[in-house]
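Report on the structure given below.
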Amino acid sequence: METMTVKKSIFVLALLGAVTGTATAQSSVTLYGLVDVSYQNIRSGHNSALGGASLNRLADGSTFGPGSRWGIRAAEDLGSGLKSNVVLESGFFTDVGSSAQGGRLFGRQAFISLASTSLGEIRLGRQYIFHDEVTILNNPYGNATILNTGAPITLPNGLITMFIDAPRIDNAVQYLSPVLGGFRVQAMVAAGEGVADRYHGLKASYVRGPLNIALSYEQSKSRAGRPASPGTSAIAAGDGVNKIVEMGGNYDFGAFKVFGGYQQGKDLTTGTLGVPSTGGVGTQITSLTIAGLTGAATELKAYTAGLSVPFGSTVLAANYTRSKFENSAGAGRTLSRIGLGAHYNLSKLTSLYAAIGVHQGDLREFVNEKTVFQLGMRKAF
Amino acid sequence: METMTVKKSIFVLALLGAVTGTATAQSSVTLYGLVDVSYQNIRSGHNSALGGASLNRLADGSTFGPGSRWGIRAAEDLGSGLKSNVVLESGFFTDVGSSAQGGRLFGRQAFISLASTSLGEIRLGRQYIFHDEVTILNNPYGNATILNTGAPITLPNGLITMFIDAPRIDNAVQYLSPVLGGFRVQAMVAAGEGVADRYHGLKASYVRGPLNIALSYEQSKSRAGRPASPGTSAIAAGDGVNKIVEMGGNYDFGAFKVFGGYQQGKDLTTGTLGVPSTGGVGTQITSLTIAGLTGAATELKAYTAGLSVPFGSTVLAANYTRSKFENSAGAGRTLSRIGLGAHYNLSKLTSLYAAIGVHQGDLREFVNEKTVFQLGMRKAF
Amino acid sequence: METMTVKKSIFVLALLGAVTGTATAQSSVTLYGLVDVSYQNIRSGHNSALGGASLNRLADGSTFGPGSRWGIRAAEDLGSGLKSNVVLESGFFTDVGSSAQGGRLFGRQAFISLASTSLGEIRLGRQYIFHDEVTILNNPYGNATILNTGAPITLPNGLITMFIDAPRIDNAVQYLSPVLGGFRVQAMVAAGEGVADRYHGLKASYVRGPLNIALSYEQSKSRAGRPASPGTSAIAAGDGVNKIVEMGGNYDFGAFKVFGGYQQGKDLTTGTLGVPSTGGVGTQITSLTIAGLTGAATELKAYTAGLSVPFGSTVLAANYTRSKFENSAGAGRTLSRIGLGAHYNLSKLTSLYAAIGVHQGDLREFVNEKTVFQLGMRKAF
């Protein structure tokens with residue numbers, strides 16, 4: 001790969017001080033990214049869409065993990081403890097080269113922010129939703145393999161996740177408090193603008209020494225009576241408010257690290273929280289008629305517990321996740337998974353990994369991903 | 001936002017001299033951009049599509065202003081007064097992360113150029129159209145808020161602008177003369193290639209000290225009898241030639257700056273000048289049956305006058321714009337707007353702004369944007 | 001173009017050593033690209049879709065040549081002769097600013113690789129297919145003008161190329177041996193994953209001093225009985241295996257350089273090798289009912305020979321290419337082309353070129369591009 005060393009490119013370097021005429025102002029632009037590809041072998045359940053067959057494929061990390069991306073970060077020190085920032089993050093599938101998130105250019109993140117050391121930060125644009133930020137804490141590889149509790153699983157009539165994960169939300173205004181003694185509060189609103197649910201979320205997090213925990217509460221108010229999208233007919237009426245509460249965290253004992261998380265969803269027939277039509281998995285599981293369950297699942301209770309152990313450059317990990325999907329009559333169906341994985345870090349930017357996930361519970365024979373094996377490579381830049 | 005400081009990226013720096021083997025050659029690549037998001041409150045006219053309702057939304061700057069973008073500029077000094085350049089500019093909506101300009105990757109600009117100090121410059125590709133370059137001069141914030149005379153306004157049956165603004169054109173060949181004593185001439189041709197109008201444009205500009213003025217004349221010849229796009233049936237016949245003449249400019253008195261502009265459009269039922277189907281607003285206003293007007297509007301006369309006053313880091317501004325749309329029988333309908341705005345510059349790259357636009361005239365009750373309030377943030381990099 | 005010098009951007013420079021904690025690790029990210037636009041005049045054959053008419057257009061280089069692109073290369077030295085790499089390459093049409101390769105973001109290339117000095121390299125993702133790599137060697141400007149043997153030619157019922165060229169393949173796993181005495185072997189597999197043909201390819205190349213040659217063999221196994229894409233009905237059954245063998249190379253005598261190539265395709269009614277639906281030209285020429293030939297063409301034999309002569313900064317070149325398309329009964333139709341070109345290098349990164357291609361043979365009156373004239377400009381960065 002010596003031939004890839006490019007000598008013909010030059011990056012212009014200029015001190016912003018010379019531009020703004022102030023000695024304190026500093027500005028930077030960074031091009032960054034992460035590429036993840038894995039070989040995957042999937043053994044399907046007998047009542048799944050694949051009918052018990054197995055499937056071999058090369059898949060982008062986004063299938064169970066981090067999702068390949070490239071992005072631009074611009075940061076500027078405005079003085080007096082004030083900073084302005086831009087994050088533009090583009091998701092894509094490395095296996096085929098096309099855009100993820102339903103073809104959006106910056107489908108992962110696109111926001112502008114103004115941050116004050118003392119007053120906190122305001123972010124405007126497309127942003128990560130709170131339960132996704134909490135989910136990252138609850139599993140050993142941080143949403144990077146099948147051990148991810150928010151990884152999508154395929155039912156014959158749609159996708160499902162063990163922890164609901166509609167990762168991003170459009171048109172959002174977020175406030176992040178300053179970090180005080182390791183403690184931070186966040187609040188976010190997205191109006192819906194007539195085409196999506198009205199979203200309100202709160203999150204509290206605490207990071208200190210070996211401890212990293214967070215709690216979120218979110219609700220998504222129905223667009224009942226309004227059209228699902230401009231030009232379509234109105235969606236069915238309903239006065240429910242889709243609610244999700246999640247807690248998660250980890251504690252690093254040095255020789256090992258423990259992980260745990262709990263998520264509860266209510267009134268899930270209402271709302272689309274996030275924009276599932278463009279790549280995410282929404283909270284509206286109405287359409288997921290779950291095998292053995294009369295009517296739609298409207299409630300979710302899920303928990304996870306995990307452990308990771310570092311051995312030099314290798315990190316071994318395991319977790320167990322269990323979810324129960326209930327209908328309005330209180331009848332429920334379960335899905336659980338035990339996951340095992342190993343990451344070998346070739347450097348801080350490059351790693352190789354292997355992972356296996358085995359599903360159990362009432363739904364195990366209904367999912368394509370009854371058993372998943374992954375062998376992958378990842379590189380950040 | 002301390003966490004956004006990226007330490008893991010390295011940009012390779014190489015002197016091109018080492019590559020070309022010549023001491024004089026210098027090449028650069030620059031990654032640049034601008035992100036603009038605003039909260040907007042819109043109060044609609046009683047006969048508009050919104051029927052008098054008001055709407056709150058988070059919107060990308062492109063709605064009334066600069067349009068979020070990222071781009072790549074490559075420039076190379078070839079010696080002997082010769083330079084080669086590439087501009088690739090990608091527009092997107094920060095509020096949702098998707099591409100603007102109908103999903104084109106480099107929908108804002110994509111061209112290659114060869115420039116000589118003494119002979120001028122040739123540009124090949126997708127470029128800004130001349131009247132858009134003139135419009136930037138005629139309003140206080142340079143097409144950056146509702147004060148923009150080319151900002152789109154929504155009629156029940158389509159979009160309209162007070163100054164016609166089809167910002168870009170495909171397949172264009174442009175010649176720019178050298179700047180002589182502040183004076184420059186530009187000429188541009190786009191053949192249409194069987195799928196768009198044949199475009200010819202001329203522009204003259206003069207920039208010296210506090211004065212910045214420009215004049216453009218453009219015509220767009222009908223594709224009558226040819227298919228609108230490959231594989232579709234031919235559009236209706238017509239022998240007209242769509243014509244737009246515009247003048248605009250500003251003068252900086254130091255304590256304040258004045259702005260003015262005039263645009264006249266003729267035979268507007270002919271032509272599509274620019275590519276309105278992909279995000280722009282074309283000059284073909286045939287389909288805009290304007291309330292109170294029998295038949296299509298084919299003529300436009302519009303003028304604007306404005307003022308800006310700097311107070312330290314703040315720039316206050318106001319402008320007044322008035323447009324008259326006439327049918328072939330000479331009957332006309334008017335739309336006017338008074339705009340007020342304030343920009344607060346946190347640095348040369350970051351600003352906060354507020355603006356209000358109030359519409360008057362015959363069409364005021366027919367537009368969604370009867371009154372517009374914006375509160376936004378913008379950051380360049 | 002002095003105004004394009006951007007002073008406001010800063011690229012953050014950081015030594016990776018500080019990140020990985022190792023003194024040997026080095027990482028780089030490079031933004032690179034190439035933009036090519038040409039004026040083209042095409043004179044069509046009397047029985048072609050253009051019916052003998054001529055067409056003038058501004059076209060991106062991709063029409064007969066290199067294809068405009070921008071990309072990101074990340075490379076990291078992991079120590080012990082090990083490197084990790086990422087290549088993300090995005091194709092677009094400079095004349096209109098939209099994405100090439102059917103709208104894919106990184107449609108040209110998207111892969112991750114791990115390379116060892118002693119063991120070779122593994123690449124995972126969307127990659128160039130082997131016959132495309134060989135074709136680059138067989139013509140004077142390396143696939144950069146109408147002299148390209150893989151340039152598409154338009155029949156009334158589809159596209160055809162003189163050397164089959166389906167440039168890229170999805171979901172591919174490639175192994176590249178180390179270079180030993182100038183000799184390298186490559187092997188690639190793409191499973192198809194139920195939506196494309198199963199591909200297997202082998203390539204050997206030898207580069208030493210003035211000599212640069214390569215040989216490839218590829219086969220693409222039918223998806224017969226499987227759906228063409230998820231949700232569609234199964235394609236017609238067939239037990240054939242599409243096969244392509246190609247050899248090509250060049251030798252630099254100093255005062256001039258000679259080029260040659262040969263390609264043979266068999267059982268071409270089977271298979272789609274590559275993904276022609278997204279911008280490439282596939283090997284499945286079933287649908288190309290060739291004038292004067294009963295039934296589909298299933299066999300191809302093509303050869304090319306060329307010469308280039310440098311005169312200072314100018315490189316003059318000529319080549320002759322001849323292809324024969326045969327049906328299963330052994331009847332054949334020919335297409336040949338003589339090409340002449342001149343490249344003038346303004347620097348190592350910028351060039352101007354002119355080229356002409358004149359077609360002969362049984363199919364000459366059936367192609368739009370009977371005679372092609374190009375006058376273009378290209379700049380790499």
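Convention: chains lettered A, B, ... in structure tokens order; per-chain residue numbering from 1; ligands numbered from 1 as shown.
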Legend entry - Shell around Arg126 in chain C at 6 Å using only C-alpha atoms, local window under 5 positions removed, as a VMD selection string: (chain A and resid 95 to 96) or (chain C and resid 109 to 111 169 to 171)
Residues as selected, N, CA, C and O atoms, written as a compact mmCIF listing (two decimals), in the first residue's frame, can you do that?
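selection_28.txt was written with the following content:
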# COMPACT_ATOMS: atom_id res chain seq x y z
N ASP A 95 -19.49 -1.81 2.28
CA ASP A 95 -19.56 -2.99 1.41
C ASP A 95 -20.07 -2.67 0.01
O ASP A 95 -19.72 -3.35 -0.95
N VAL A 96 -20.88 -1.63 -0.13
CA VAL A 96 -21.41 -1.27 -1.44
C VAL A 96 -21.18 0.19 -1.81
O VAL A 96 -21.44 0.62 -2.93
N GLN C 109 -14.92 3.54 -5.07
CA GLN C 109 -14.22 2.57 -4.23
C GLN C 109 -14.62 2.82 -2.77
O GLN C 109 -14.79 3.96 -2.38
N ALA C 110 -14.73 1.77 -2.00
CA ALA C 110 -14.96 1.89 -0.55
C ALA C 110 -14.46 0.60 0.08
O ALA C 110 -15.12 -0.43 0.02
N PHE C 111 -13.25 0.65 0.62
CA PHE C 111 -12.75 -0.57 1.25
C PHE C 111 -11.82 -0.26 2.40
O PHE C 111 -11.31 0.84 2.56
N ILE C 169 -16.94 -4.03 -8.14
CA ILE C 169 -17.78 -5.09 -7.61
C ILE C 169 -18.00 -4.88 -6.12
O ILE C 169 -17.10 -4.47 -5.39
N ASP C 170 -19.24 -5.15 -5.69
CA ASP C 170 -19.63 -4.98 -4.29
C ASP C 170 -19.23 -6.18 -3.45
O ASP C 170 -19.05 -7.28 -3.97
N ASN C 171 -19.17 -5.98 -2.15
CA ASN C 171 -19.03 -7.07 -1.18
C ASN C 171 -17.86 -8.00 -1.48
O ASN C 171 -17.93 -9.20 -1.27
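Of the listed residues B:Leu180, B:Leu137, B:Val173, B:Ile112, the one whose atoms come nearest to Ala305 in chain B is B:Leu137, with distances taken using only C-alpha atoms.
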Legend entry - Residues within 9 Å of Ile290 in chain C, only C-alpha atoms, excluding chain neighbours under 2 positions, as a list in words: Leu155, Asn157, Ser287, Leu288, Gly292, Leu293, Thr294, Gly295, Ala296, Ala297, Phe325, Arg333, Leu363 and Phe366 of chain C
Inset, instruction - Determine, counting only C-alpha atoms, which protein, DNA and RNA residues have an atom within 7 Å of an atom of Val309 in chain B; residues of the same chain fewer than 3 positions away are not included. Present the result as a list in words. - result: Ala255, Phe256, Lys257, Val315, Leu316 and Ala317 of chain B
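Proximity to chain A was assessed for B:Ser68, B:Thr304, B:Asn47, B:Thr94 counting only C-alpha atoms; the smallest distance is recorded for B:Thr94.
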